[in-house]
file coords-v9.pdb (PDB, C-alpha atoms)
ATOM      1  CA  MET O   1      10.435 -11.455  18.135
ATOM      2  CA  THR O   2      13.408  -9.227  17.315
ATOM      3  CA  GLN O   3      14.211  -6.001  19.144
ATOM      4  CA  SER O   4      12.935  -4.013  16.162
ATOM      5  CA  GLU O   5       9.634  -5.970  15.971
ATOM      6  CA  LEU O   6       9.184  -5.546  19.679
ATOM      7  CA  GLU O   7       9.600  -1.780  19.422
ATOM      8  CA  THR O   8       7.062  -1.596  16.570
ATOM      9  CA  ARG O   9       4.506  -3.575  18.556
ATOM     10  CA  ILE O  10       5.045  -1.565  21.728
ATOM     11  CA  ASN O  11       4.562   1.612  19.681
ATOM     12  CA  ALA O  12       1.248   0.236  18.348
ATOM     13  CA  LEU O  13       0.061  -0.439  21.911
ATOM     14  CA  GLU O  14       1.060   3.082  22.908
ATOM     15  CA  ASP O  15      -0.917   4.408  19.926
ATOM     16  CA  ILE O  16      -4.033   2.568  21.143
ATOM     17  CA  LYS O  17      -3.605   4.061  24.613
ATOM     18  CA  SER O  18      -3.091   7.583  23.205
ATOM     19  CA  ILE O  19      -6.145   7.382  20.939
ATOM     20  CA  LYS O  20      -8.388   6.164  23.758
ATOM     21  CA  SER O  21      -7.142   8.983  26.006
ATOM     22  CA  LEU O  22      -7.644  11.568  23.230
ATOM     23  CA  THR O  23     -11.273  10.573  22.713
ATOM     24  CA  LYS O  24     -12.100  10.407  26.427
ATOM     25  CA  GLU O  25     -10.407  13.744  27.090
ATOM     26  CA  PHE O  26     -12.372  15.316  24.226
ATOM     27  CA  VAL O  27     -15.622  14.419  25.971
ATOM     28  CA  PHE O  28     -14.319  15.835  29.274
ATOM     29  CA  LEU O  29     -13.480  19.109  27.497
ATOM     30  CA  LEU O  30     -16.790  19.205  25.627
ATOM     31  CA  ARG O  31     -18.570  18.876  28.937
ATOM     32  CA  GLU O  32     -16.558  21.742  30.397
ATOM     33  CA  SER O  33     -16.882  23.901  27.234
ATOM     34  CA  LYS O  34     -13.100  24.200  26.921
ATOM     35  CA  LEU O  35     -13.302  25.066  23.262
ATOM     36  CA  GLU O  36      -9.783  26.379  22.726
ATOM     37  CA  GLU O  37      -8.286  23.137  24.015
ATOM     38  CA  MET O  38     -10.721  20.967  22.060
ATOM     39  CA  ILE O  39      -9.905  22.478  18.697
ATOM     40  CA  ASN O  40      -6.286  21.337  19.025
ATOM     41  CA  TYR O  41      -7.565  17.752  19.010
ATOM     42  CA  PHE O  42      -8.445  18.010  15.312
ATOM     43  CA  SER O  43      -6.261  17.835  12.217
ATOM     44  CA  ASP O  44      -6.435  20.840   9.861
ATOM     45  CA  ASN O  45      -8.818  19.181   7.394
ATOM     46  CA  ALA O  46     -10.881  17.280   9.935
ATOM     47  CA  VAL O  47     -14.577  16.661   9.367
ATOM     48  CA  VAL O  48     -17.060  16.748  12.243
ATOM     49  CA  GLU O  49     -20.736  15.901  12.428
ATOM     50  CA  MET O  50     -22.575  16.129  15.740
ATOM     51  CA  ARG O  51     -26.075  14.700  15.884
ATOM     52  CA  SER O  52     -28.192  16.648  13.354
ATOM     53  CA  SER O  53     -25.590  19.337  12.574
ATOM     54  CA  GLY O  54     -24.564  18.109   9.134
ATOM     55  CA  ALA O  55     -20.866  17.635   8.355
ATOM     56  CA  VAL O  56     -18.477  20.588   8.684
ATOM     57  CA  LYS O  57     -14.848  20.679   7.548
ATOM     58  CA  GLY O  58     -11.900  22.670   8.875
ATOM     59  CA  LYS O  59     -11.011  24.031  12.288
ATOM     60  CA  GLU O  60     -12.905  27.322  12.019
ATOM     61  CA  LYS O  61     -16.231  25.660  11.240
ATOM     62  CA  ILE O  62     -15.562  22.906  13.757
ATOM     63  CA  ALA O  63     -14.948  25.516  16.479
ATOM     64  CA  ARG O  64     -18.313  27.153  15.737
ATOM     65  CA  LEU O  65     -20.083  23.806  15.779
ATOM     66  CA  LEU O  66     -18.485  22.707  19.057
ATOM     67  CA  LYS O  67     -19.399  26.005  20.698
ATOM     68  CA  LYS O  68     -23.032  25.420  19.797
ATOM     69  CA  GLU O  69     -22.897  21.760  20.910
ATOM     70  CA  ALA O  70     -21.273  22.656  24.234
ATOM     71  CA  ALA O  71     -24.028  25.228  24.880
ATOM     72  CA  ASP O  72     -26.765  22.740  23.953
ATOM     73  CA  LEU O  73     -25.307  20.057  26.205
ATOM     74  CA  ASN O  74     -24.672  22.350  29.153
ATOM     75  CA  ASN O  75     -27.273  20.912  31.498
ATOM     76  CA  PRO O  76     -25.699  19.994  34.850
ATOM     77  CA  THR O  77     -27.994  16.994  35.200
ATOM     78  CA  ASN O  78     -26.827  15.462  31.901
ATOM     79  CA  ILE O  79     -24.681  12.348  32.069
ATOM     80  CA  TYR O  80     -22.458  11.398  29.124
ATOM     81  CA  MET O  81     -21.086   7.897  28.886
ATOM     82  CA  LEU O  82     -18.302   7.169  26.395
ATOM     83  CA  ILE O  83     -17.513   3.455  26.502
ATOM     84  CA  GLN O  84     -16.917   0.282  24.519
ATOM     85  CA  PRO O  85     -14.252   1.286  21.954
ATOM     86  CA  VAL O  86     -13.586  -1.005  19.002
ATOM     87  CA  LEU O  87     -10.286   0.363  17.738
ATOM     88  CA  THR O  88      -7.920  -0.584  14.917
ATOM     89  CA  VAL O  89      -4.617   1.129  14.196
ATOM     90  CA  ASN O  90      -2.949   1.028  10.793
ATOM     91  CA  GLY O  91       0.365   2.872  10.849
ATOM     92  CA  ASP O  92      -0.326   6.593  11.195
ATOM     93  CA  THR O  93      -4.085   6.289  10.863
ATOM     94  CA  ALA O  94      -6.710   4.595  12.997
ATOM     95  CA  LYS O  95     -10.459   3.974  13.176
ATOM     96  CA  ALA O  96     -12.783   3.400  16.096
ATOM     97  CA  HIS O  97     -16.396   3.250  17.079
ATOM     98  CA  TRP O  98     -17.574   3.931  20.603
ATOM     99  CA  ILE O  99     -20.860   3.968  22.482
ATOM    100  CA  MET O 100     -21.758   7.552  23.407
ATOM    101  CA  ASP O 101     -24.989   7.528  25.400
ATOM    102  CA  TYR O 102     -26.453  10.295  27.403
ATOM    103  CA  PHE O 103     -29.058  10.723  30.056
ATOM    104  CA  THR O 104     -30.905  13.969  30.600
ATOM    105  CA  GLN O 105     -33.825  15.356  32.558
ATOM    106  CA  ASP O 106     -35.968  18.452  32.550
ATOM    107  CA  LEU O 107     -34.720  20.687  35.369
ATOM    108  CA  LYS O 108     -37.868  22.816  35.261
ATOM    109  CA  ASN O 109     -40.085  19.834  35.804
ATOM    110  CA  LEU O 110     -38.295  17.506  38.224
ATOM    111  CA  SER O 111     -41.506  16.302  39.822
ATOM    112  CA  GLN O 112     -42.384  14.508  36.587
ATOM    113  CA  PRO O 113     -40.881  11.108  35.714
ATOM    114  CA  SER O 114     -38.772  12.643  32.965
ATOM    115  CA  PRO O 115     -35.301  11.065  32.932
ATOM    116  CA  THR O 116     -34.578  10.378  29.290
ATOM    117  CA  TYR O 117     -32.044   7.957  27.858
ATOM    118  CA  ILE O 118     -30.562   8.743  24.454
ATOM    119  CA  PRO O 119     -28.354   5.999  23.041
ATOM    120  CA  GLY O 120     -25.700   6.941  20.504
ATOM    121  CA  ARG O 121     -22.356   6.165  18.908
ATOM    122  CA  TYR O 122     -19.155   7.904  17.902
ATOM    123  CA  ASP O 123     -17.502   6.891  14.621
ATOM    124  CA  CYS O 124     -13.973   8.271  14.537
ATOM    125  CA  GLU O 125     -10.942   8.378  12.314
ATOM    126  CA  TYR O 126      -7.589   9.483  13.625
ATOM    127  CA  VAL O 127      -4.306  10.581  12.126
ATOM    128  CA  LYS O 128      -0.854  10.943  13.655
ATOM    129  CA  ASP O 129       0.176  14.535  13.044
ATOM    130  CA  ASN O 130       3.776  15.408  13.999
ATOM    131  CA  GLY O 131       3.811  12.571  16.514
ATOM    132  CA  LYS O 132       0.424  13.442  18.068
ATOM    133  CA  TRP O 133      -2.815  11.633  17.425
ATOM    134  CA  LYS O 134      -5.702  13.840  16.303
ATOM    135  CA  PHE O 135      -9.222  13.383  15.001
ATOM    136  CA  SER O 136      -9.432  13.461  11.213
ATOM    137  CA  SER O 137     -13.129  12.648  11.411
ATOM    138  CA  LEU O 138     -15.689  12.523  14.204
ATOM    139  CA  LYS O 139     -19.338  11.662  13.773
ATOM    140  CA  TRP O 140     -21.764  11.468  16.680
ATOM    141  CA  THR O 141     -24.942   9.644  15.706
ATOM    142  CA  SER O 142     -27.640  10.135  18.289
ATOM    143  CA  PRO O 143     -30.031   8.529  18.739
ATOM    144  CA  TRP O 144     -28.551   5.199  17.654
ATOM    145  CA  PRO O 145     -29.943   2.704  17.050
ATOM    146  CA  ILE O 146     -33.330   4.086  16.094
ATOM    147  CA  ARG O 147     -36.177   2.215  17.741
ATOM    148  CA  PRO O 148     -39.718   2.292  16.418
ATOM    149  CA  VAL O 149     -42.217   4.402  18.344
ATOM    150  CA  LYS O 150     -44.493   2.235  20.442
ATOM    151  CA  GLN O 151     -48.078   2.492  19.200
TER     152      GLN O 151
ATOM    153  CA  MET N   1      13.414  -8.636  31.630
ATOM    154  CA  ASN N   2      15.016 -10.274  28.593
ATOM    155  CA  LEU N   3      13.781 -10.073  25.007
ATOM    156  CA  GLU N   4      11.765 -13.302  25.225
ATOM    157  CA  GLU N   5      10.021 -12.227  28.420
ATOM    158  CA  MET N   6       9.262  -8.799  26.972
ATOM    159  CA  SER N   7       7.841 -10.415  23.821
ATOM    160  CA  LYS N   8       5.471 -12.517  25.924
ATOM    161  CA  GLU N   9       4.332  -9.440  27.840
ATOM    162  CA  VAL N  10       3.653  -7.559  24.599
ATOM    163  CA  GLN N  11       1.745 -10.501  23.126
ATOM    164  CA  ALA N  12      -0.425 -10.644  26.265
ATOM    165  CA  LEU N  13      -1.159  -6.894  26.061
ATOM    166  CA  GLU N  14      -2.055  -7.242  22.364
ATOM    167  CA  ALA N  15      -4.340 -10.155  23.238
ATOM    168  CA  ILE N  16      -6.133  -8.074  25.894
ATOM    169  CA  GLU N  17      -6.783  -5.308  23.348
ATOM    170  CA  ALA N  18      -8.039  -7.823  20.781
ATOM    171  CA  ILE N  19     -10.362  -9.444  23.335
ATOM    172  CA  LYS N  20     -11.757  -6.062  24.379
ATOM    173  CA  ASN N  21     -12.447  -5.270  20.703
ATOM    174  CA  LEU N  22     -14.140  -8.670  20.269
ATOM    175  CA  HIS N  23     -16.448  -8.324  23.242
ATOM    176  CA  ASN N  24     -17.213  -4.628  22.656
ATOM    177  CA  GLU N  25     -18.113  -5.399  19.028
ATOM    178  CA  TYR N  26     -20.355  -8.257  20.176
ATOM    179  CA  ILE N  27     -22.352  -5.784  22.276
ATOM    180  CA  PHE N  28     -22.514  -3.284  19.376
ATOM    181  CA  PHE N  29     -24.084  -6.063  17.306
ATOM    182  CA  LEU N  30     -26.423  -6.989  20.160
ATOM    183  CA  ARG N  31     -27.530  -3.387  20.596
ATOM    184  CA  ASN N  32     -28.216  -3.034  16.874
ATOM    185  CA  GLN N  33     -29.861  -6.487  16.732
ATOM    186  CA  GLN N  34     -27.296  -7.816  14.219
ATOM    187  CA  PHE N  35     -27.653 -11.357  15.538
ATOM    188  CA  GLU N  36     -26.219 -13.041  12.440
ATOM    189  CA  ASP N  37     -23.007 -10.990  12.806
ATOM    190  CA  MET N  38     -22.569 -12.268  16.367
ATOM    191  CA  ILE N  39     -22.324 -15.938  15.392
ATOM    192  CA  PRO N  40     -18.831 -15.868  13.739
ATOM    193  CA  LEU N  41     -17.415 -14.388  16.947
ATOM    194  CA  PHE N  42     -17.705 -17.844  18.567
ATOM    195  CA  ALA N  43     -15.296 -20.771  18.222
ATOM    196  CA  ASP N  44     -16.795 -23.846  16.541
ATOM    197  CA  ASP N  45     -17.154 -25.744  19.824
ATOM    198  CA  ALA N  46     -18.064 -22.731  21.987
ATOM    199  CA  VAL N  47     -20.622 -22.865  24.789
ATOM    200  CA  LEU N  48     -23.135 -20.045  25.267
ATOM    201  CA  GLU N  49     -25.322 -19.607  28.333
ATOM    202  CA  ILE N  50     -27.689 -16.623  28.304
ATOM    203  CA  ARG N  51     -29.871 -16.045  31.351
ATOM    204  CA  ASN N  52     -32.131 -19.086  31.809
ATOM    205  CA  PHE N  53     -31.947 -20.403  28.235
ATOM    206  CA  GLY N  54     -29.569 -23.183  29.290
ATOM    207  CA  PRO N  55     -26.148 -23.969  27.784
ATOM    208  CA  ARG N  56     -25.876 -24.293  23.992
ATOM    209  CA  THR N  57     -22.799 -26.011  22.576
ATOM    210  CA  GLY N  58     -21.413 -25.502  19.073
ATOM    211  CA  ILE N  59     -22.048 -22.918  16.369
ATOM    212  CA  GLY N  60     -25.224 -24.697  15.183
ATOM    213  CA  GLU N  61     -26.897 -24.576  18.597
ATOM    214  CA  ILE N  62     -25.672 -21.028  19.229
ATOM    215  CA  SER N  63     -27.114 -19.869  15.886
ATOM    216  CA  LYS N  64     -30.416 -21.513  16.786
ATOM    217  CA  LEU N  65     -30.457 -19.734  20.145
ATOM    218  CA  PHE N  66     -29.905 -16.337  18.524
ATOM    219  CA  ARG N  67     -32.706 -17.022  16.065
ATOM    220  CA  GLU N  68     -34.997 -18.034  18.942
ATOM    221  CA  TYR N  69     -33.775 -15.078  20.964
ATOM    222  CA  ILE N  70     -34.566 -12.475  18.281
ATOM    223  CA  PRO N  71     -38.345 -12.239  18.781
ATOM    224  CA  TRP N  72     -37.873 -11.948  22.533
ATOM    225  CA  GLU N  73     -35.104  -9.351  22.324
ATOM    226  CA  LYS N  74     -36.883  -7.167  19.760
ATOM    227  CA  ASN N  75     -39.782  -6.610  22.122
ATOM    228  CA  ILE N  76     -37.570  -5.079  24.788
ATOM    229  CA  PRO N  77     -36.294  -1.654  23.755
ATOM    230  CA  ARG N  78     -33.107  -0.967  25.644
ATOM    231  CA  GLY N  79     -29.482  -0.011  25.458
ATOM    232  CA  ASN N  80     -26.715  -2.398  26.401
ATOM    233  CA  SER N  81     -23.545  -0.909  27.844
ATOM    234  CA  LEU N  82     -20.503  -3.058  28.536
ATOM    235  CA  VAL N  83     -17.999  -1.899  31.144
ATOM    236  CA  GLN N  84     -15.374  -2.928  33.686
ATOM    237  CA  PRO N  85     -13.402  -5.718  31.978
ATOM    238  CA  VAL N  86     -11.034  -7.876  33.997
ATOM    239  CA  ILE N  87      -9.044  -9.993  31.532
ATOM    240  CA  THR N  88      -6.218 -12.459  32.081
ATOM    241  CA  VAL N  89      -4.372 -14.102  29.214
ATOM    242  CA  ASN N  90      -2.590 -17.433  29.327
ATOM    243  CA  GLY N  91      -1.015 -18.185  25.938
ATOM    244  CA  ASN N  92      -3.785 -18.916  23.439
ATOM    245  CA  THR N  93      -6.601 -18.840  25.981
ATOM    246  CA  ALA N  94      -7.954 -16.102  28.208
ATOM    247  CA  LYS N  95     -10.598 -15.410  30.816
ATOM    248  CA  GLY N  96     -12.601 -12.268  31.417
ATOM    249  CA  HIS N  97     -15.495 -10.898  33.396
ATOM    250  CA  TRP N  98     -17.452  -7.720  32.661
ATOM    251  CA  LEU N  99     -20.541  -5.826  33.751
ATOM    252  CA  LEU N 100     -23.377  -5.112  31.332
ATOM    253  CA  TYR N 101     -25.975  -2.427  32.006
ATOM    254  CA  HIS N 102     -29.402  -2.569  30.394
ATOM    255  CA  PHE N 103     -31.323   0.673  30.176
ATOM    256  CA  ARG N 104     -34.949  -0.005  29.418
ATOM    257  CA  CYS N 105     -37.053   2.733  27.898
ATOM    258  CA  ASP N 106     -40.615   3.637  27.239
ATOM    259  CA  TYR N 107     -40.476   4.707  23.576
ATOM    260  CA  THR N 108     -43.728   6.578  23.463
ATOM    261  CA  LYS N 109     -42.271  10.033  22.815
ATOM    262  CA  ASN N 110     -39.715   9.851  20.015
ATOM    263  CA  ALA N 111     -38.314   7.193  17.740
ATOM    264  CA  GLY N 112     -34.842   7.211  19.223
ATOM    265  CA  ASP N 113     -34.983   8.263  22.821
ATOM    266  CA  GLY N 114     -37.333   7.315  25.544
ATOM    267  CA  PHE N 115     -38.175   7.870  29.158
ATOM    268  CA  LEU N 116     -35.885   5.725  31.228
ATOM    269  CA  SER N 117     -38.206   3.207  32.825
ATOM    270  CA  SER N 118     -35.757   0.813  34.522
ATOM    271  CA  TRP N 119     -32.247  -0.544  34.509
ATOM    272  CA  GLU N 120     -30.615  -3.857  35.307
ATOM    273  CA  GLN N 121     -27.033  -4.944  35.914
ATOM    274  CA  GLY N 122     -25.748  -8.154  34.335
ATOM    275  CA  TYR N 123     -22.497 -10.100  34.486
ATOM    276  CA  TYR N 124     -20.458 -11.739  31.733
ATOM    277  CA  ASP N 125     -18.142 -14.581  32.702
ATOM    278  CA  CYS N 126     -16.145 -15.599  29.626
ATOM    279  CA  GLU N 127     -13.404 -17.765  28.252
ATOM    280  CA  TYR N 128     -11.705 -16.816  25.009
ATOM    281  CA  VAL N 129      -9.509 -18.783  22.611
ATOM    282  CA  ARG N 130      -7.161 -17.756  19.823
ATOM    283  CA  VAL N 131      -8.232 -19.367  16.528
ATOM    284  CA  GLY N 132      -5.598 -18.628  13.875
ATOM    285  CA  ASP N 133      -4.857 -14.930  14.305
ATOM    286  CA  LYS N 134      -8.282 -14.094  15.797
ATOM    287  CA  TRP N 135      -9.638 -14.242  19.334
ATOM    288  CA  LYS N 136     -13.070 -15.826  19.700
ATOM    289  CA  PHE N 137     -15.495 -16.700  22.465
ATOM    290  CA  LYS N 138     -14.940 -20.176  23.895
ATOM    291  CA  HIS N 139     -17.494 -19.981  26.713
ATOM    292  CA  VAL N 140     -19.899 -17.150  27.476
ATOM    293  CA  LYS N 141     -22.115 -17.127  30.520
ATOM    294  CA  PHE N 142     -24.410 -14.149  30.955
ATOM    295  CA  THR N 143     -26.230 -13.734  34.255
ATOM    296  CA  SER N 144     -28.792 -10.979  34.746
ATOM    297  CA  PRO N 145     -29.771  -9.534  37.093
ATOM    298  CA  TRP N 146     -26.456  -9.794  38.889
ATOM    299  CA  PRO N 147     -25.759 -10.234  41.706
ATOM    300  CA  GLN N 148     -28.726 -12.486  42.151
ATOM    301  CA  GLU N 149     -30.871 -12.044  45.184
ATOM    302  CA  PRO N 150     -29.836 -14.566  47.869
ATOM    303  CA  GLU N 151     -32.338 -17.270  48.698
ATOM    304  CA  ARG N 152     -34.506 -16.326  51.661
ATOM    305  CA  LYS N 153     -34.587 -18.746  54.563
TER     306      LYS N 153
END

call {"tool": "encode", "arguments": {"input": "coords-v9.pdb", "output": "structure tokens"}}
result
Amino acid sequence: MTQSELETRINALEDIKSIKSLTKEFVFLLRESKLEEMINYFSDNAVVEMRSSGAVKGKEKIARLLKKEAADLNNPTNIYMLIQPVLTVNGDTAKAHWIMDYFTQDLKNLSQPSPTYIPGRYDCEYVKDNGKWKFSSLKWTSPWPIRPVKQ
Amino acid sequence: MNLEEMSKEVQALEAIEAIKNLHNEYIFFLRNQQFEDMIPLFADDAVLEIRNFGPRTGIGEISKLFREYIPWEKNIPRGNSLVQPVITVNGNTAKGHWLLYHFRCDYTKNAGDGFLSSWEQGYYDCEYVRVGDKWKFKHVKFTSPWPQEPERK
């Protein structure tokens, strides 16, 4: 491996690390409703779809959607689990899918056996924008996979 | 560190990322019951041991196990979540162990989410091999529940 090849491959490993950190940090910020910070994680023409929201394009619409999502998810008993990335980098773009599960319970009715498990996935595309990785697309499908209702 | 040593380090880090992708994808397929997609992730002479099914050697036997496993797996609605990899690479082979959490649900309310009825922790103990430019499973042993209850005297 030449010096130049080595540098290219080290850069690719650094890209993987940056993209994983970006996605994890996004979920931290979503949980804390830090909307102004979150919006900087998206490229100008990014597309976002969260659960049943439908797809929205552009930072202004994304900001409105994330505000609503953050409010909906703001239950202190909720647990969000972002794990299991399958990530491929191709130059200045990248793709990944992750498991994004959450657990929730009804705070008004804690005496009932209500903890609910909602499996889901993130499908993401990323772009390197002025040296920083950003989301160009983020889709949260939840529930995933769909299981049949027990009769 | 000279150029050759640095190259080896980089190759090992790339291998770790590739192996994580392999095993994470395997669990995506498992969760979505894409059993046929799981088979090409094994080397031709791989060994697979799942719970108490006993070891199966070679792609043919592994395929048969997945086809036998499908009816059993489909009756247990649950999520599978793979975490905590410890991976060591040695040239074209590697070893890894992971935890797998099962979340079992009672799907009587909605189609996609259900009341969490129980959970179980499992353990993957794996060997991986590089075949061409791809990493594959060489030996997979899945134990669940893990750790197993010690024998009572």

call {"tool": "residues_around", "arguments": {"input": "coords-v9.pdb", "residues": "Glu14 in chain N", "least_positions_apart": "3", "cutoff": "12 Å", "atoms": "only C-alpha atoms", "output": "number ranges by chain"}}
result
O: 6, 9-17, 88-89; N: 7-11, 17-21, 87-89, 91-92, 130, 133-135

call {"tool": "residues_around", "arguments": {"input": "coords-v9.pdb", "residues": "Val48 in chain O", "least_positions_apart": "2", "cutoff": "10 Å", "atoms": "only C-alpha atoms", "output": "list in words"}}
result
Phe42, Asn45, Ala46, Met50, Arg51, Ser53, Gly54, Ala55, Val56, Lys57, Gly58, Lys59, Lys61, Ile62, Ala63, Leu65, Leu66, Cys124, Phe135, Ser136, Ser137, Leu138, Lys139 and Trp140 of chain O

call {"tool": "closest_residue", "arguments": {"input": "coords-v9.pdb", "among": "N:Leu116, N:Glu127, N:Asp44, N:His102", "to": "chain O", "atoms": "all atoms listed in the file"}}
result
N:Leu116

call {"tool": "atom_distance", "arguments": {"input": "coords-v9.pdb", "atom1": "CA of Glu149 in chain N", "atom2": "CA of Gln84 in chain N"}}
result
21.3 Å

call {"tool": "closest_atom_pairs", "arguments": {"input": "coords-v9.pdb", "of": "chain O", "to": "chain N", "cutoff": "9 Å", "atoms": "only C-alpha atoms", "output": "CSV"}}
result
residue,atom,partner,partner_atom,distance
O:Met1,CA,N:Ser7,CA,6.3
O:Thr2,CA,N:Leu3,CA,7.7
O:Gln3,CA,N:Leu3,CA,7.2
O:Leu6,CA,N:Ser7,CA,6.5
O:Arg9,CA,N:Val10,CA,7.3
O:Ile10,CA,N:Val10,CA,6.8
O:Leu13,CA,N:Glu14,CA,7.1
O:Ile16,CA,N:Glu17,CA,8.6
O:Ile83,CA,N:Val83,CA,7.1
O:Gln84,CA,N:Asn24,CA,5.3
O:Pro85,CA,N:Asn24,CA,6.7
O:Val86,CA,N:Asn21,CA,4.7
O:Leu87,CA,N:Asn21,CA,6.7
O:Thr88,CA,N:Asn21,CA,8.7
O:Trp98,CA,N:Asn24,CA,8.8
O:Ile99,CA,N:Ser81,CA,7.7
O:Asp101,CA,N:Gly79,CA,8.8
O:Phe103,CA,N:Leu116,CA,8.5
O:Pro113,CA,N:Phe115,CA,7.8
O:Ser114,CA,N:Phe115,CA,6.1
O:Pro115,CA,N:Leu116,CA,5.6
O:Thr116,CA,N:Phe115,CA,4.4
O:Tyr117,CA,N:Leu116,CA,5.6
O:Ile118,CA,N:Asp113,CA,4.7
O:Pro119,CA,N:Gly79,CA,6.6
O:Ser142,CA,N:Gly112,CA,7.8
O:Pro143,CA,N:Gly112,CA,5.0
O:Trp144,CA,N:Gly112,CA,6.8
O:Pro145,CA,N:Asn32,CA,6.0
O:Ile146,CA,N:Gly112,CA,4.7
O:Arg147,CA,N:Gly112,CA,5.4
O:Pro148,CA,N:Ala111,CA,5.3
O:Val149,CA,N:Ala111,CA,4.8
O:Lys150,CA,N:Thr108,CA,5.3
O:Gln151,CA,N:Thr108,CA,7.3

call {"tool": "resolve_selection", "arguments": {"input": "coords-v9.pdb", "expression": "the PyMOL selection byres ((chain N and resi 59) around 12)", "output": "short mmCIF file (atom, residue, chain, number, x, y, z; two decimals) with C-alpha atoms, keeping the file's coordinate frame"}}
result
data_model
loop_
_atom_site.label_atom_id
_atom_site.label_comp_id
_atom_site.auth_asym_id
_atom_site.auth_seq_id
_atom_site.Cartn_x
_atom_site.Cartn_y
_atom_site.Cartn_z
CA GLU N 36 -26.22 -13.04 12.44
CA MET N 38 -22.57 -12.27 16.37
CA ILE N 39 -22.32 -15.94 15.39
CA PRO N 40 -18.83 -15.87 13.74
CA LEU N 41 -17.42 -14.39 16.95
CA PHE N 42 -17.70 -17.84 18.57
CA ALA N 43 -15.30 -20.77 18.22
CA ASP N 44 -16.80 -23.85 16.54
CA ASP N 45 -17.15 -25.74 19.82
CA ALA N 46 -18.06 -22.73 21.99
CA VAL N 47 -20.62 -22.86 24.79
CA LEU N 48 -23.14 -20.05 25.27
CA ARG N 56 -25.88 -24.29 23.99
CA THR N 57 -22.80 -26.01 22.58
CA GLY N 58 -21.41 -25.50 19.07
CA GLY N 60 -25.22 -24.70 15.18
CA GLU N 61 -26.90 -24.58 18.60
CA ILE N 62 -25.67 -21.03 19.23
CA SER N 63 -27.11 -19.87 15.89
CA LYS N 64 -30.42 -21.51 16.79
CA LEU N 65 -30.46 -19.73 20.14
CA PHE N 66 -29.90 -16.34 18.52
CA LYS N 136 -13.07 -15.83 19.70
CA PHE N 137 -15.50 -16.70 22.46
CA LYS N 138 -14.94 -20.18 23.90
CA HIS N 139 -17.49 -19.98 26.71
#

call {"tool": "residues_around", "arguments": {"input": "coords-v9.pdb", "residues": "Met38 in chain O", "least_positions_apart": "3", "cutoff": "9 Å", "atoms": "all atoms listed in the file", "output": "count of residues only"}}
result
11

call {"tool": "resolve_selection", "arguments": {"input": "coords-v9.pdb", "expression": "the PyMOL selection byres ((chain O and resi 70-74) around 8)", "output": "PyMOL selection string"}}
result
chain O and resi 30-33+66-69+75-76+78

call {"tool": "closest_residue", "arguments": {"input": "coords-v9.pdb", "among": "O:Ser43, O:Thr93, O:Tyr80, O:Glu49", "to": "Phe28 in chain O", "atoms": "all atoms listed in the file"}}
result
O:Tyr80

call {"tool": "resolve_selection", "arguments": {"input": "coords-v9.pdb", "expression": "the PyMOL selection byres ((chain N and resi 52) around 12)", "output": "PDB file with C-alpha atoms, in the coordinates of the input"}}
result
ATOM      1  CA  LEU N  48     -23.135 -20.045  25.267  1.00  0.00           C
ATOM      2  CA  GLU N  49     -25.322 -19.607  28.333  1.00  0.00           C
ATOM      3  CA  ILE N  50     -27.689 -16.623  28.304  1.00  0.00           C
ATOM      4  CA  ARG N  51     -29.871 -16.045  31.351  1.00  0.00           C
ATOM      5  CA  PHE N  53     -31.947 -20.403  28.235  1.00  0.00           C
ATOM      6  CA  GLY N  54     -29.569 -23.183  29.290  1.00  0.00           C
ATOM      7  CA  PRO N  55     -26.148 -23.969  27.784  1.00  0.00           C
ATOM      8  CA  ARG N  56     -25.876 -24.293  23.992  1.00  0.00           C
ATOM      9  CA  LEU N  65     -30.457 -19.734  20.145  1.00  0.00           C
ATOM     10  CA  TYR N  69     -33.775 -15.078  20.964  1.00  0.00           C
ATOM     11  CA  LYS N 141     -22.115 -17.127  30.520  1.00  0.00           C
ATOM     12  CA  PHE N 142     -24.410 -14.149  30.955  1.00  0.00           C
ATOM     13  CA  THR N 143     -26.230 -13.734  34.255  1.00  0.00           C
ATOM     14  CA  SER N 144     -28.792 -10.979  34.746  1.00  0.00           C
ATOM     15  CA  PRO N 145     -29.771  -9.534  37.093  1.00  0.00           C
TER      16      PRO N 145
END

call {"tool": "atom_distance", "arguments": {"input": "coords-v9.pdb", "atom1": "CA of Val27 in chain O", "atom2": "CA of Thr141 in chain O"}}
result
14.7 Å

call {"tool": "atom_distance", "arguments": {"input": "coords-v9.pdb", "atom1": "CA of Gly122 in chain N", "atom2": "CA of Thr93 in chain N"}}
result
23.5 Å
